[in-house]
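> Please find one structure pasted underneath; my questions will follow.
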Amino acid sequence: MSLFIASAYAQEAGQAPQGGELFQIGFLVLLFVLFYFIAIRPQRKRQKEHGEMVSALNKGDEVVTSSGILGKVTGLDDNYMVLNVANNVDMKFQRVHLHAVLPKGTLKSIG
């Protein structure tokens with residue numbers, strides 16, 4: 001029967017290149033370091049600055065909330081702030097929703 005069927009010989013498997021695993025591990029470490037400096041570190045810095053701004057908030061500060069409401073701080077609690085947004089209109093917000101502290105006199109100059 002071997003007369004009609006050519007015998008097939010398996011080709012020997014080539015050797016895997018040396019150092020491939022080390023290259024992959026090094027690439028993953030480099031990728032993580034790059035991701036840390038591009039994404040994680042700046043975000044932590046912004047969180048720290050926001051936390052300092054929220055903790056330094058005082059009565060009488062003019063602020064803008066994350067929803068865009070401008071007002072003057074009339075009351076503070078551990079987690080809440082009361083803003084005077086118009087004559088006899090006070091609104092209560094969570095302190096974490098503070099977006100920015102405005103310079104004194106900004107509300108008068110706006111209108």
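As shown in the structure tokens, the chain order sets the letters A, B, ...; within each chain, residues go from 1, and ligands are also counted from 1 in the order they appear.
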Just list the residues in chain A DSSP gives helix (DSSP H, G or I) on the backbone, as a PyMOL selection string.
chain A and resi 20-55+95-97+106-110
> In Å, rounded to a single decimal, give me how far CA of Lys92 in chain A is from CA of Val63 in chain A.
12.9 Å
> Using only C-alpha atoms, which residues sit within 6 Å of Thr65 in chain A once same-chain residues fewer than 4 positions away are excluded, as a list of chain:residue names?
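These residues fall inside the cut-off: A:Ile69, A:His97, A:Leu98, A:His99.
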> Could you please take those selected residues and save N, CA, C and O atoms as an mmCIF file, in the first residue's frame?

data_model
loop_
_atom_site.group_PDB
_atom_site.id
_atom_site.type_symbol
_atom_site.label_atom_id
_atom_site.label_comp_id
_atom_site.auth_asym_id
_atom_site.auth_seq_id
_atom_site.Cartn_x
_atom_site.Cartn_y
_atom_site.Cartn_z
ATOM 1 N N ILE A 69 -24.446 76.484 39.463
ATOM 2 C CA ILE A 69 -25.155 77.464 40.274
ATOM 3 C C ILE A 69 -24.149 78.292 41.053
ATOM 4 O O ILE A 69 -23.272 77.764 41.726
ATOM 5 N N HIS A 97 -19.875 68.715 45.798
ATOM 6 C CA HIS A 97 -20.302 69.256 44.514
ATOM 7 C C HIS A 97 -19.786 70.669 44.270
ATOM 8 O O HIS A 97 -20.196 71.318 43.311
ATOM 9 N N LEU A 98 -18.899 71.112 45.099
ATOM 10 C CA LEU A 98 -18.242 72.400 44.887
ATOM 11 C C LEU A 98 -17.310 72.285 43.688
ATOM 12 O O LEU A 98 -16.513 71.361 43.587
ATOM 13 N N HIS A 99 -17.441 73.211 42.756
ATOM 14 C CA HIS A 99 -16.590 73.172 41.567
ATOM 15 C C HIS A 99 -15.424 74.151 41.682
ATOM 16 O O HIS A 99 -14.296 73.806 41.359
#
